[in-house]
>>> print(open('entry.txt').read())   # compact mmCIF, C-alpha atoms and all ligand atoms
# COMPACT_ATOMS: atom_id res chain seq x y z
CA MET A 1 143.42 -3.08 -41.39
CA PHE A 2 146.96 -1.82 -41.66
CA PRO A 3 147.84 1.84 -42.20
CA CYS A 4 148.06 2.65 -45.87
CA LEU A 5 148.34 5.53 -48.30
CA LYS A 6 145.14 6.26 -50.15
CA LEU A 7 144.59 4.07 -53.17
CA ARG A 8 144.29 7.13 -55.39
CA LYS A 9 147.69 8.40 -54.21
CA ILE A 10 149.39 5.15 -55.16
CA GLU A 11 147.69 5.13 -58.52
CA GLU A 12 148.82 8.71 -59.18
CA ARG A 13 152.39 7.66 -58.43
CA LEU A 14 152.23 4.72 -60.79
CA GLN A 15 150.66 6.80 -63.53
CA CYS A 16 153.76 8.94 -63.85
CA ILE A 17 156.20 6.11 -64.25
CA GLN A 18 158.22 6.28 -67.42
CA GLU A 19 157.69 3.13 -69.48
CA PHE A 20 159.92 0.93 -71.63
CA ASP A 21 161.37 2.85 -74.60
CA ARG A 22 161.67 -0.06 -76.94
CA PRO A 23 160.10 -3.02 -75.15
CA LYS A 24 161.78 -6.34 -75.84
CA VAL A 25 159.23 -8.96 -76.79
CA LYS A 26 161.56 -11.78 -75.87
CA LEU A 27 161.71 -10.54 -72.26
CA GLU A 28 157.96 -9.80 -72.18
CA GLN A 29 158.49 -6.20 -71.26
CA TYR A 30 155.30 -4.37 -70.49
CA VAL A 31 154.44 -2.26 -67.48
CA THR A 32 151.86 -3.33 -64.92
CA PRO A 33 149.03 -0.82 -65.59
CA ALA A 34 148.68 1.81 -62.86
CA HIS A 35 145.14 0.92 -61.83
CA LEU A 36 146.07 -2.74 -61.52
CA GLY A 37 149.41 -2.22 -59.79
CA SER A 38 147.92 0.22 -57.31
CA HIS A 39 145.12 -2.19 -56.38
CA MET A 40 147.66 -4.96 -55.87
CA LEU A 41 149.90 -2.83 -53.66
CA TYR A 42 146.96 -1.37 -51.76
CA THR A 43 145.63 -4.84 -50.98
CA ILE A 44 149.05 -6.15 -49.95
CA GLN A 45 149.55 -3.34 -47.48
CA SER A 46 146.03 -2.60 -46.20
CA GLN A 47 144.89 -6.24 -45.86
CA TYR A 48 148.10 -7.98 -44.91
CA GLY A 49 150.55 -5.27 -43.82
CA ASP A 50 153.24 -6.87 -45.96
CA ILE A 51 154.99 -3.75 -47.27
CA ASP A 52 155.43 -1.07 -44.59
CA GLY A 53 158.68 -1.70 -42.69
CA LYS A 54 159.49 -4.85 -44.69
CA LEU A 55 162.40 -6.01 -46.81
CA VAL A 56 160.82 -6.43 -50.24
CA ALA A 57 162.08 -7.96 -53.51
CA ASP A 58 160.68 -7.24 -56.99
CA LEU A 59 161.63 -9.96 -59.50
CA GLY A 60 161.89 -8.70 -63.08
CA CYS A 61 161.36 -5.16 -61.87
CA GLY A 62 161.48 -3.58 -65.34
CA CYS A 63 160.77 0.15 -65.11
CA GLY A 64 159.84 -0.35 -61.48
CA ALA A 65 156.06 0.00 -61.26
CA LEU A 66 155.77 -2.44 -58.35
CA ALA A 67 159.08 -1.51 -56.72
CA ILE A 68 158.32 2.22 -56.75
CA GLY A 69 154.82 1.65 -55.42
CA ALA A 70 156.20 -0.51 -52.59
CA ALA A 71 158.86 2.08 -51.76
CA ALA A 72 156.20 4.80 -51.63
CA LEU A 73 154.25 2.56 -49.24
CA ASN A 74 157.21 2.73 -46.89
CA ALA A 75 159.00 -0.57 -47.40
CA SER A 76 162.26 -0.43 -45.42
CA LEU A 77 164.13 -1.48 -48.55
CA VAL A 78 163.01 -2.72 -51.96
CA VAL A 79 165.57 -4.65 -54.01
CA GLY A 80 164.75 -4.88 -57.72
CA PHE A 81 166.22 -7.72 -59.79
CA GLU A 82 166.24 -7.22 -63.57
CA ILE A 83 168.21 -8.70 -66.45
CA ASP A 84 167.93 -5.82 -68.91
CA GLN A 85 170.17 -2.76 -68.81
CA ASP A 86 167.78 -0.52 -70.77
CA ALA A 87 164.96 -1.28 -68.36
CA LEU A 88 167.25 -0.58 -65.41
CA ASP A 89 168.25 2.80 -66.83
CA ILE A 90 164.59 3.80 -66.98
CA PHE A 91 164.03 2.34 -63.50
CA GLN A 92 166.88 4.46 -62.16
CA ALA A 93 165.44 7.59 -63.79
CA ASN A 94 162.05 6.79 -62.24
CA ILE A 95 163.61 6.35 -58.80
CA GLU A 96 165.26 9.74 -59.07
CA GLU A 97 162.11 11.36 -60.40
CA HIS A 98 160.12 10.00 -57.44
CA GLU A 99 162.87 10.89 -54.95
CA LEU A 100 162.75 7.52 -53.25
CA TYR A 101 165.88 6.42 -51.41
CA ASN A 102 164.73 3.06 -50.07
CA ILE A 103 165.31 1.19 -53.34
CA ASP A 104 168.31 -0.77 -54.58
CA SER A 105 168.66 -2.74 -57.79
CA ILE A 106 170.78 -5.54 -59.17
CA GLN A 107 171.30 -6.48 -62.79
CA CYS A 108 171.11 -10.26 -62.94
CA ASP A 109 169.12 -13.21 -64.22
CA VAL A 110 166.36 -13.96 -61.72
CA LEU A 111 167.02 -17.65 -62.30
CA ASN A 112 170.58 -17.13 -61.05
CA ILE A 113 170.15 -15.20 -57.79
CA PRO A 114 172.84 -16.11 -55.22
CA GLU A 115 171.73 -18.47 -52.45
CA ARG A 116 172.73 -16.03 -49.77
CA PHE A 117 169.53 -14.12 -50.59
CA HIS A 118 167.37 -17.13 -49.72
CA LYS A 119 164.83 -16.48 -46.92
CA GLN A 120 166.08 -12.91 -46.55
CA PHE A 121 163.06 -11.08 -47.94
CA ASP A 122 159.83 -10.67 -46.01
CA THR A 123 157.80 -10.07 -49.14
CA VAL A 124 158.49 -10.89 -52.79
CA LEU A 125 156.47 -9.10 -55.49
CA MET A 126 156.46 -9.89 -59.17
CA ASN A 127 154.69 -9.58 -62.47
CA PRO A 128 156.72 -12.29 -64.14
CA PRO A 129 157.09 -13.04 -67.83
CA PHE A 130 154.33 -15.55 -68.60
CA GLY A 131 156.47 -17.58 -70.95
CA THR A 132 156.34 -17.89 -74.72
CA LYS A 133 156.95 -20.82 -77.00
CA GLN A 134 160.71 -20.43 -76.52
CA ASN A 135 160.70 -20.28 -72.75
CA GLU A 136 157.56 -22.04 -71.65
CA GLY A 137 157.03 -22.24 -67.92
CA VAL A 138 159.32 -19.33 -67.06
CA ASP A 139 156.67 -17.93 -64.69
CA MET A 140 156.81 -21.17 -62.70
CA LYS A 141 160.59 -20.85 -62.50
CA PHE A 142 160.19 -17.28 -61.24
CA LEU A 143 157.70 -18.56 -58.66
CA GLN A 144 160.13 -21.20 -57.48
CA VAL A 145 162.84 -18.57 -57.00
CA ALA A 146 160.40 -16.19 -55.29
CA LEU A 147 159.38 -18.86 -52.79
CA LYS A 148 163.03 -19.50 -51.95
CA LEU A 149 163.82 -15.81 -51.44
CA SER A 150 160.91 -15.17 -49.10
CA ASN A 151 160.59 -15.98 -45.42
CA ASN A 152 156.93 -15.02 -45.43
CA CYS A 153 154.99 -14.54 -48.62
CA VAL A 154 154.98 -13.93 -52.35
CA TYR A 155 152.54 -11.88 -54.43
CA SER A 156 152.37 -12.60 -58.12
CA LEU A 157 150.31 -12.57 -61.33
CA HIS A 158 149.71 -15.66 -63.46
CA LYS A 159 147.39 -16.47 -66.33
CA THR A 160 143.97 -17.60 -65.17
CA SER A 161 144.06 -20.44 -67.68
CA THR A 162 146.93 -22.03 -65.72
CA ARG A 163 145.33 -21.77 -62.26
CA ASN A 164 145.23 -25.47 -61.40
CA HIS A 165 148.78 -25.93 -62.49
CA VAL A 166 149.99 -22.90 -60.52
CA LEU A 167 148.30 -24.01 -57.30
CA LYS A 168 149.62 -27.56 -57.65
CA HIS A 169 153.09 -26.33 -58.42
CA ALA A 170 153.10 -24.06 -55.37
CA ASP A 171 151.84 -26.93 -53.25
CA SER A 172 154.67 -29.18 -54.46
CA LEU A 173 157.11 -26.43 -53.41
CA GLY A 174 155.62 -26.35 -49.93
CA ALA A 175 153.68 -23.10 -50.28
CA LYS A 176 149.99 -22.39 -49.91
CA GLY A 177 148.57 -20.35 -52.79
CA GLU A 178 145.40 -18.32 -52.76
CA VAL A 179 143.82 -16.30 -55.57
CA LEU A 180 143.03 -12.85 -54.21
CA ALA A 181 141.45 -11.47 -57.37
CA GLU A 182 140.79 -12.18 -61.02
CA LEU A 183 141.90 -9.34 -63.21
CA LYS A 184 141.80 -8.37 -66.84
CA TYR A 185 145.18 -7.36 -68.01
CA ASP A 186 145.45 -5.39 -71.15
CA ILE A 187 148.74 -5.96 -72.92
CA PRO A 188 149.42 -3.02 -75.23
CA ALA A 189 150.17 -3.19 -78.90
CA THR A 190 153.89 -3.26 -78.36
CA TYR A 191 153.76 -6.83 -79.53
CA LYS A 192 153.92 -6.73 -83.28
CA PHE A 193 152.64 -10.23 -83.78
CA HIS A 194 149.40 -9.28 -82.09
CA LYS A 195 146.96 -8.20 -84.77
CA LYS A 196 144.74 -6.14 -82.52
CA SER A 197 145.85 -2.89 -80.94
CA SER A 198 145.72 -4.50 -77.54
CA VAL A 199 144.79 -7.88 -76.13
CA ASP A 200 143.03 -8.59 -72.91
CA ILE A 201 144.30 -11.55 -71.02
CA GLU A 202 142.85 -12.88 -67.83
CA VAL A 203 145.21 -13.08 -64.92
CA ASP A 204 144.95 -14.12 -61.29
CA PHE A 205 146.48 -12.12 -58.49
CA TYR A 206 147.98 -14.57 -56.01
CA ARG A 207 149.24 -14.60 -52.48
CA PHE A 208 151.51 -17.52 -51.62
CA VAL A 209 152.42 -18.22 -48.02
CA VAL A 210 155.78 -19.87 -47.58
CA SER A 211 156.22 -22.72 -45.12
CA ARG A 212 158.78 -21.83 -42.49
CA MET B 1 174.33 -0.30 -54.30
CA LYS B 2 173.66 -0.29 -50.58
CA LEU B 3 175.89 -2.26 -48.22
CA LEU B 4 172.90 -4.34 -47.12
CA THR B 5 172.70 -5.59 -50.69
CA HIS B 6 176.46 -6.10 -50.85
CA ASN B 7 176.22 -8.25 -47.73
CA MET B 8 174.02 -10.73 -49.59
CA LEU B 9 175.77 -10.83 -52.96
CA THR B 10 178.00 -13.75 -53.92
CA SER B 11 179.58 -14.98 -57.15
CA LYS B 12 178.88 -18.62 -56.41
CA CYS B 13 177.05 -19.05 -59.72
CA ILE B 14 180.38 -18.94 -61.57
CA ARG B 15 181.48 -22.42 -62.54
CA GLY B 16 184.32 -23.57 -60.29
CA VAL B 17 183.70 -20.98 -57.59
CA ASN B 18 182.85 -22.56 -54.22
CA VAL B 19 182.04 -19.68 -51.94
CA GLY B 20 182.50 -16.45 -53.88
CA TYR B 21 182.02 -14.35 -50.77
CA PRO B 22 182.56 -11.60 -49.79
CA LEU B 23 182.98 -9.65 -52.99
CA VAL B 24 185.66 -7.00 -52.83
CA ILE B 25 184.48 -3.46 -53.52
CA ASN B 26 186.71 -1.29 -55.67
CA ILE B 27 185.88 2.34 -55.97
CA ILE B 28 187.11 3.74 -59.22
CA ARG B 29 188.65 7.09 -58.46
CA ASN B 30 190.18 9.06 -61.20
CA MET B 31 192.41 10.97 -58.90
CA LYS B 32 195.00 9.51 -56.60
CA LEU B 33 195.05 10.90 -53.11
CA PHE B 34 198.65 11.96 -53.62
CA THR B 35 197.53 14.31 -56.36
CA HIS B 36 194.73 15.51 -54.14
CA ASN B 37 197.26 16.13 -51.41
CA MET B 38 199.09 18.58 -53.67
CA LEU B 39 196.23 20.40 -55.26
CA THR B 40 195.13 23.86 -54.22
CA THR B 41 192.98 26.51 -55.80
CA LYS B 42 195.21 29.27 -54.59
CA CYS B 43 195.85 30.61 -58.05
CA LYS B 44 192.21 31.45 -58.40
CA LYS B 45 191.67 35.16 -57.86
CA GLY B 46 190.45 35.90 -54.33
CA VAL B 47 191.40 32.52 -52.87
CA LEU B 48 193.95 32.75 -50.06
CA VAL B 49 194.70 29.19 -49.12
CA GLY B 50 192.41 26.96 -51.17
CA TYR B 51 193.51 23.86 -49.38
CA PRO B 52 192.59 21.09 -48.87
CA LEU B 53 190.04 20.65 -51.61
CA ASN B 54 186.92 18.77 -50.70
CA ILE B 55 186.80 15.49 -52.46
CA LYS B 56 183.56 15.33 -54.31
CA ALA B 57 182.76 11.70 -53.96
CA SER B 58 180.59 11.16 -56.97
CA ASP B 59 181.45 7.50 -56.50
CA ILE B 60 179.92 7.30 -53.02
CA ARG B 61 176.59 8.80 -52.15
CA ILE B 62 174.83 9.19 -48.84
CA SER B 63 171.10 9.29 -49.21
CA SER B 64 168.69 9.87 -46.40
CA VAL B 65 166.40 6.94 -45.61
CA ASP B 66 163.73 6.91 -42.88
CA PHE B 67 165.09 5.29 -39.73
CA ASN B 68 163.06 2.28 -38.58
CA PRO B 69 164.68 0.77 -35.45
CA ASP B 70 162.50 -2.37 -35.56
CA PHE B 71 163.55 -3.15 -39.09
CA ILE B 72 167.24 -2.62 -38.39
CA SER B 73 167.26 -4.76 -35.26
CA LYS B 74 165.41 -7.49 -37.15
CA ILE B 75 167.93 -7.45 -39.98
CA ILE B 76 171.08 -7.41 -37.81
CA PRO B 77 171.19 -11.20 -37.21
CA LYS B 78 171.14 -11.75 -40.98
CA ILE B 79 174.16 -9.56 -41.60
CA ASP B 80 177.68 -10.90 -41.89
CA TRP B 81 179.11 -8.28 -39.59
CA PRO B 82 182.84 -8.45 -40.40
CA VAL B 83 181.94 -8.25 -44.09
CA LEU B 84 179.83 -5.16 -43.49
CA TYR B 85 182.61 -3.59 -41.48
CA SER B 86 185.31 -4.14 -44.05
CA ALA B 87 183.02 -3.04 -46.89
CA ALA B 88 182.27 0.17 -45.04
CA GLU B 89 185.92 0.66 -44.20
CA SER B 90 187.03 0.06 -47.78
CA ILE B 91 184.85 2.92 -48.97
CA GLY B 92 185.77 5.17 -46.07
CA HIS B 93 182.53 5.01 -44.11
CA SER B 94 183.21 2.81 -41.12
CA GLU B 95 182.64 5.67 -38.63
CA ASN B 96 181.75 4.21 -35.21
CA LEU B 97 180.76 0.81 -36.60
CA PRO B 98 181.91 -1.97 -34.28
CA LYS B 99 184.54 -4.07 -35.96
CA GLU B 100 183.74 -7.60 -34.90
CA ALA B 101 180.10 -7.87 -33.90
CA PRO B 102 177.09 -5.80 -32.94
CA PRO B 103 176.83 -4.98 -29.19
CA GLU B 104 174.84 -7.47 -27.09
CA ASP B 105 172.12 -4.97 -26.32
CA TYR B 106 171.76 -4.07 -30.00
CA GLU B 107 167.98 -4.39 -30.02
CA THR B 108 167.56 -1.54 -27.56
CA ASN B 109 170.73 0.42 -28.29
CA GLU B 110 169.32 3.22 -30.40
CA ASP B 111 172.67 4.93 -30.99
CA PHE B 112 174.08 1.74 -32.40
CA LEU B 113 170.98 1.07 -34.51
CA LYS B 114 171.32 4.53 -36.07
CA ILE B 115 174.94 3.85 -36.98
CA ALA B 116 174.00 0.48 -38.46
CA HIS B 117 171.09 2.09 -40.33
CA LYS B 118 173.44 4.54 -41.97
CA ALA B 119 175.95 1.88 -42.98
CA LEU B 120 173.35 -0.54 -44.30
CA LEU B 121 170.89 1.73 -46.04
CA GLU B 122 172.30 5.20 -46.54
CA VAL B 123 175.83 4.78 -47.82
CA GLU B 124 175.77 3.86 -51.50
CA VAL B 125 178.40 2.96 -54.04
CA VAL B 126 177.53 4.75 -57.27
CA HIS B 127 180.49 3.83 -59.46
CA GLY B 128 182.97 1.08 -58.87
CA GLU B 129 183.32 -2.63 -59.18
CA LEU B 130 182.92 -5.83 -57.22
CA VAL B 131 185.68 -8.38 -57.45
CA CYS B 132 185.20 -12.09 -56.85
CA PRO B 133 187.70 -13.15 -54.17
CA GLU B 134 188.25 -16.52 -55.84
CA SER B 135 188.23 -15.99 -59.59
CA GLY B 136 189.08 -12.31 -59.74
CA ARG B 137 186.08 -11.79 -62.04
CA LYS B 138 185.01 -8.15 -61.93
CA PHE B 139 181.42 -6.98 -61.83
CA PRO B 140 180.95 -3.32 -62.71
CA ILE B 141 178.77 -1.00 -60.62
CA ASN B 142 177.38 1.74 -62.84
CA ASN B 143 174.92 4.35 -61.73
CA GLY B 144 174.52 2.46 -58.47
CA ILE B 145 173.58 -0.86 -60.11
CA PRO B 146 175.91 -3.86 -59.81
CA ASN B 147 175.91 -5.93 -62.98
CA MET B 148 176.10 -9.58 -61.88
CA LEU B 149 175.26 -11.07 -65.30
CA LEU B 150 177.52 -13.93 -66.33
CA ASN B 151 178.40 -15.14 -69.80
CA GLU B 152 177.07 -18.56 -70.66
CA ASP B 153 180.54 -20.08 -70.63
CA GLU B 154 181.04 -18.92 -67.03
CA ILE B 155 178.05 -20.72 -65.54
C1 LIG A 301 155.95 -8.30 -67.44
S1 LIG A 301 157.42 -7.35 -67.16
C2 LIG A 301 157.06 -6.62 -65.60
C3 LIG A 301 157.82 -5.34 -65.35
C4 LIG A 301 157.58 -4.64 -64.02
N1 LIG A 301 157.79 -5.53 -62.90
C5 LIG A 301 156.20 -4.08 -63.92
O1 LIG A 301 155.42 -4.63 -63.16
O2 LIG A 301 155.89 -3.09 -64.59
C6 LIG A 301 158.63 -8.63 -66.86
C7 LIG A 301 160.06 -8.12 -66.60
O3 LIG A 301 160.92 -9.24 -66.31
C8 LIG A 301 162.19 -9.05 -66.93
N2 LIG A 301 162.80 -10.38 -67.13
C9 LIG A 301 162.44 -11.33 -68.01
N3 LIG A 301 163.20 -12.44 -67.84
C10 LIG A 301 164.07 -12.17 -66.84
C11 LIG A 301 165.09 -12.92 -66.17
N4 LIG A 301 165.41 -14.18 -66.52
N5 LIG A 301 165.76 -12.34 -65.15
C12 LIG A 301 165.47 -11.07 -64.77
N6 LIG A 301 164.50 -10.32 -65.33
C13 LIG A 301 163.81 -10.86 -66.36
C14 LIG A 301 161.85 -8.31 -68.21
O4 LIG A 301 162.96 -7.60 -68.74
C15 LIG A 301 160.69 -7.41 -67.77
O5 LIG A 301 161.18 -6.16 -67.34
>>> encode(input="entry.txt", output="structure tokens")
Amino acid sequence: MFPCLKLRKIEERLQCIQEFDRPKVKLEQYVTPAHLGSHMLYTIQSQYGDIDGKLVADLGCGCGALAIGAAALNASLVVGFEIDQDALDIFQANIEEHELYNIDSIQCDVLNIPERFHKQFDTVLMNPPFGTKQNEGVDMKFLQVALKLSNNCVYSLHKTSTRNHVLKHADSLGAKGEVLAELKYDIPATYKFHKKSSVDIEVDFYRFVVSR
Amino acid sequence: MKLLTHNMLTSKCIRGVNVGYPLVINIIRNMKLFTHNMLTTKCKKGVLVGYPLNIKASDIRISSVDFNPDFISKIIPKIDWPVLYSAAESIGHSENLPKEAPPEDYETNEDFLKIAHKALLEVEVVHGELVCPESGRKFPINNGIPNMLLNEDEI
């Protein structure tokens, strides 16, 4: 076991993160729920020691739930990559609110991250967009980028229904994937085309180990 | 934006750009140093000399980050040192940084690691711009966040 903040402490942190003002459906903007994010981060640090003292990337960091949690768990530096200015403004406000100084962020398209970043990060975290009709497979593109950026491992969420595909894809990219947990993810009613007030989707929490 | 991040950023994604590294940092100052050199607050009641005025560098910020010598010594080999030096120098924070390369005993040289820690993780550019050395394309830094987004016709 690696040293770690108490699970409850991380969850408390994540609970007071300001969320997207006007979430953009096209970018699949919703926050990783606090109970889920805190369990992910707790597992990553307490089981694998992959946050404390590490250089960490958060791809599609949005308002920063994962990035802020990782910074609170003592990452040496967390770099958040996000395409959307509005999300970044909220992220910045959250960073200031939480008084964390070990975070940096870059506005860019994750699919266009400069090569010089390759293999620089110890740990890459993400809750990627799962892809809609218009941009099917975007989570696999995020995974491909994540595996290039990391010199050790990647933690990510993907739909349970795509498990075989995800594992095969990772394998073809030279990484070994493992499902750490099956989770129910409740996507709030920010998505107008959803008739119900919220929809539960089943997601897998993965750890991918990169070949060196 | 921290200088560690700057050390990794390139503009290679622009069509026609081969290397796109290092990006030049411009700090946008509203006041020229000549003007600063002339200004005093002597006319304010009770002020005798009022000179020189402290420059309030809202464009550069130093934040305090926990020092982790293991992390810094692990990251040193990944850093393009001359690029770090000139970036730090261009924003006026090259204090005690070696110019060419880290010292040979860098892994155990705690004084050096502290200096490197400050340059890499504590000095931050809050407002300014990054300029591609090849195309001259400017990327704004607002509120500490460099905007590296490209238009479709640039990719
Ligand atoms: C499901 S949200 C996750 C947000 C945050 N990481 C969290 O866990 O709360 C996905 C995020 O990815 C961003 N995004 C979508 N496509 C992107 C792209 N091509 N490049 C960078 N960010 C992108 C969205 O704006 C959104 O903030």
>>> interface_residues(input="entry.txt", of="chain A", to="chain B", cutoff="9 Å", atoms="all atoms listed in the file", output="PyMOL selection string")
chain A and resi 53-55+74+76-77+79+83+85+88-89+92+100-109+112-117+120
>>> write_last_selection(input="entry.txt", atoms="C-alpha atoms", output="JSON list (two decimals), in the coordinates of the input")
[["chain", "number", "residue", "atom", "x", "y", "z"],
["A", 53, "GLY", "CA", 158.68, -1.70, -42.69],
["A", 54, "LYS", "CA", 159.49, -4.85, -44.69],
["A", 55, "LEU", "CA", 162.40, -6.01, -46.81],
["A", 74, "ASN", "CA", 157.21, 2.73, -46.89],
["A", 76, "SER", "CA", 162.26, -0.43, -45.42],
["A", 77, "LEU", "CA", 164.13, -1.48, -48.55],
["A", 79, "VAL", "CA", 165.57, -4.65, -54.01],
["A", 83, "ILE", "CA", 168.21, -8.70, -66.45],
["A", 85, "GLN", "CA", 170.17, -2.76, -68.81],
["A", 88, "LEU", "CA", 167.25, -0.58, -65.41],
["A", 89, "ASP", "CA", 168.25, 2.80, -66.83],
["A", 92, "GLN", "CA", 166.88, 4.46, -62.16],
["A", 100, "LEU", "CA", 162.75, 7.52, -53.25],
["A", 101, "TYR", "CA", 165.88, 6.42, -51.41],
["A", 102, "ASN", "CA", 164.73, 3.06, -50.07],
["A", 103, "ILE", "CA", 165.31, 1.19, -53.34],
["A", 104, "ASP", "CA", 168.31, -0.77, -54.58],
["A", 105, "SER", "CA", 168.66, -2.74, -57.79],
["A", 106, "ILE", "CA", 170.78, -5.54, -59.17],
["A", 107, "GLN", "CA", 171.30, -6.48, -62.79],
["A", 108, "CYS", "CA", 171.11, -10.26, -62.94],
["A", 109, "ASP", "CA", 169.12, -13.21, -64.22],
["A", 112, "ASN", "CA", 170.58, -17.13, -61.05],
["A", 113, "ILE", "CA", 170.15, -15.20, -57.79],
["A", 114, "PRO", "CA", 172.84, -16.11, -55.22],
["A", 115, "GLU", "CA", 171.73, -18.47, -52.45],
["A", 116, "ARG", "CA", 172.73, -16.03, -49.77],
["A", 117, "PHE", "CA", 169.53, -14.12, -50.59],
["A", 120, "GLN", "CA", 166.08, -12.91, -46.55]]
>>> residues_near_ligand(input="entry.txt", ligand="ligand LIG 301 (chain A)", cutoff="7 Å", atoms="all atoms listed in the file", output="VMD selection string")
chain A and resid 27 to 32 58 to 66 81 to 84 87 108 to 111 126 to 129
>>> atom_distance(input="entry.txt", atom1="CA of Asp80 (chain B)", atom2="CA of Leu130 (chain B)")
17.0 Å
>>> atom_distance(input="entry.txt", atom1="CA of Leu3 (chain B)", atom2="CA of Ala71 (chain A)")
17.9 Å
>>> atom_distance(input="entry.txt", atom1="CA of Phe121 (chain A)", atom2="CA of Ala75 (chain A)")
11.3 Å
>>> residues_around(input="entry.txt", residues="Leu183 (chain A)", least_positions_apart="2", cutoff="9 Å", atoms="all atoms listed in the file", output="PDB file with C-alpha atoms, in the coordinates of the input")
ATOM      1  CA  LEU A  36     146.070  -2.740 -61.520  1.00  0.00           C
ATOM      2  CA  THR A 160     143.970 -17.600 -65.170  1.00  0.00           C
ATOM      3  CA  ALA A 181     141.450 -11.470 -57.370  1.00  0.00           C
ATOM      4  CA  TYR A 185     145.180  -7.360 -68.010  1.00  0.00           C
ATOM      5  CA  ILE A 201     144.300 -11.550 -71.020  1.00  0.00           C
ATOM      6  CA  GLU A 202     142.850 -12.880 -67.830  1.00  0.00           C
ATOM      7  CA  VAL A 203     145.210 -13.080 -64.920  1.00  0.00           C
ATOM      8  CA  ASP A 204     144.950 -14.120 -61.290  1.00  0.00           C
ATOM      9  CA  PHE A 205     146.480 -12.120 -58.490  1.00  0.00           C
TER      10      PHE A 205
END
>>> residues_around(input="entry.txt", residues="Gly177 (chain A)", least_positions_apart="2", cutoff="6 Å", atoms="only C-alpha atoms", output="PyMOL selection string")
chain A and resi 167+207-208
>>> closest_residue(input="entry.txt", among="B:Glu95, B:Val125, B:Thr108, B:Ile76", to="Arg61 (chain B)", atoms="all atoms listed in the file")
B:Val125
>>> residues_around(input="entry.txt", residues="Pro98 (chain B)", least_positions_apart="5", cutoff="10 Å", atoms="only C-alpha atoms", output="list in words")
Trp81, Pro82, Leu84, Tyr85, Pro103, Phe112, Ile115 and Ala116 of chain B
>>> decode(input="entry.txt", residues="region 131-141 of chain A", atoms="N, CA, C and O atoms", output="PDB file, in the first residue's frame")
ATOM      1  N   GLY A 131     -17.743   9.445 -27.560  1.00  0.00           N
ATOM      2  CA  GLY A 131     -18.015   9.438 -29.000  1.00  0.00           C
ATOM      3  C   GLY A 131     -19.501   9.386 -29.265  1.00  0.00           C
ATOM      4  O   GLY A 131     -20.240   8.660 -28.615  1.00  0.00           O
ATOM      5  N   THR A 132     -19.942  10.208 -30.199  1.00  0.00           N
ATOM      6  CA  THR A 132     -21.346  10.220 -30.604  1.00  0.00           C
ATOM      7  C   THR A 132     -21.382   9.810 -32.067  1.00  0.00           C
ATOM      8  O   THR A 132     -20.363   9.417 -32.626  1.00  0.00           O
ATOM      9  N   LYS A 133     -22.546   9.938 -32.665  1.00  0.00           N
ATOM     10  CA  LYS A 133     -22.652   9.566 -34.084  1.00  0.00           C
ATOM     11  C   LYS A 133     -21.647  10.338 -34.938  1.00  0.00           C
ATOM     12  O   LYS A 133     -21.059   9.806 -35.856  1.00  0.00           O
ATOM     13  N   GLN A 134     -21.461  11.629 -34.585  1.00  0.00           N
ATOM     14  CA  GLN A 134     -20.585  12.467 -35.419  1.00  0.00           C
ATOM     15  C   GLN A 134     -19.105  12.124 -35.258  1.00  0.00           C
ATOM     16  O   GLN A 134     -18.336  12.276 -36.195  1.00  0.00           O
ATOM     17  N   ASN A 135     -18.726  11.732 -34.059  1.00  0.00           N
ATOM     18  CA  ASN A 135     -17.292  11.480 -33.867  1.00  0.00           C
ATOM     19  C   ASN A 135     -17.067  10.127 -33.207  1.00  0.00           C
ATOM     20  O   ASN A 135     -16.440  10.022 -32.161  1.00  0.00           O
ATOM     21  N   GLU A 136     -17.596   9.112 -33.834  1.00  0.00           N
ATOM     22  CA  GLU A 136     -17.485   7.769 -33.298  1.00  0.00           C
ATOM     23  C   GLU A 136     -16.019   7.390 -33.092  1.00  0.00           C
ATOM     24  O   GLU A 136     -15.164   7.752 -33.901  1.00  0.00           O
ATOM     25  N   GLY A 137     -15.767   6.686 -32.012  1.00  0.00           N
ATOM     26  CA  GLY A 137     -14.413   6.187 -31.781  1.00  0.00           C
ATOM     27  C   GLY A 137     -13.459   7.207 -31.220  1.00  0.00           C
ATOM     28  O   GLY A 137     -12.263   6.965 -31.140  1.00  0.00           O
ATOM     29  N   VAL A 138     -13.976   8.373 -30.784  1.00  0.00           N
ATOM     30  CA  VAL A 138     -13.048   9.399 -30.286  1.00  0.00           C
ATOM     31  C   VAL A 138     -12.347   8.920 -29.000  1.00  0.00           C
ATOM     32  O   VAL A 138     -11.188   9.266 -28.753  1.00  0.00           O
ATOM     33  N   ASP A 139     -13.035   8.060 -28.211  1.00  0.00           N
ATOM     34  CA  ASP A 139     -12.360   7.595 -26.988  1.00  0.00           C
ATOM     35  C   ASP A 139     -11.150   6.716 -27.326  1.00  0.00           C
ATOM     36  O   ASP A 139     -10.153   6.724 -26.614  1.00  0.00           O
ATOM     37  N   MET A 140     -11.235   5.993 -28.442  1.00  0.00           N
ATOM     38  CA  MET A 140     -10.073   5.185 -28.844  1.00  0.00           C
ATOM     39  C   MET A 140      -8.931   6.072 -29.332  1.00  0.00           C
ATOM     40  O   MET A 140      -7.757   5.758 -29.143  1.00  0.00           O
ATOM     41  N   LYS A 141      -9.298   7.203 -29.958  1.00  0.00           N
ATOM     42  CA  LYS A 141      -8.236   8.142 -30.367  1.00  0.00           C
ATOM     43  C   LYS A 141      -7.576   8.768 -29.132  1.00  0.00           C
ATOM     44  O   LYS A 141      -6.357   8.938 -29.086  1.00  0.00           O
TER      45      LYS A 141
END
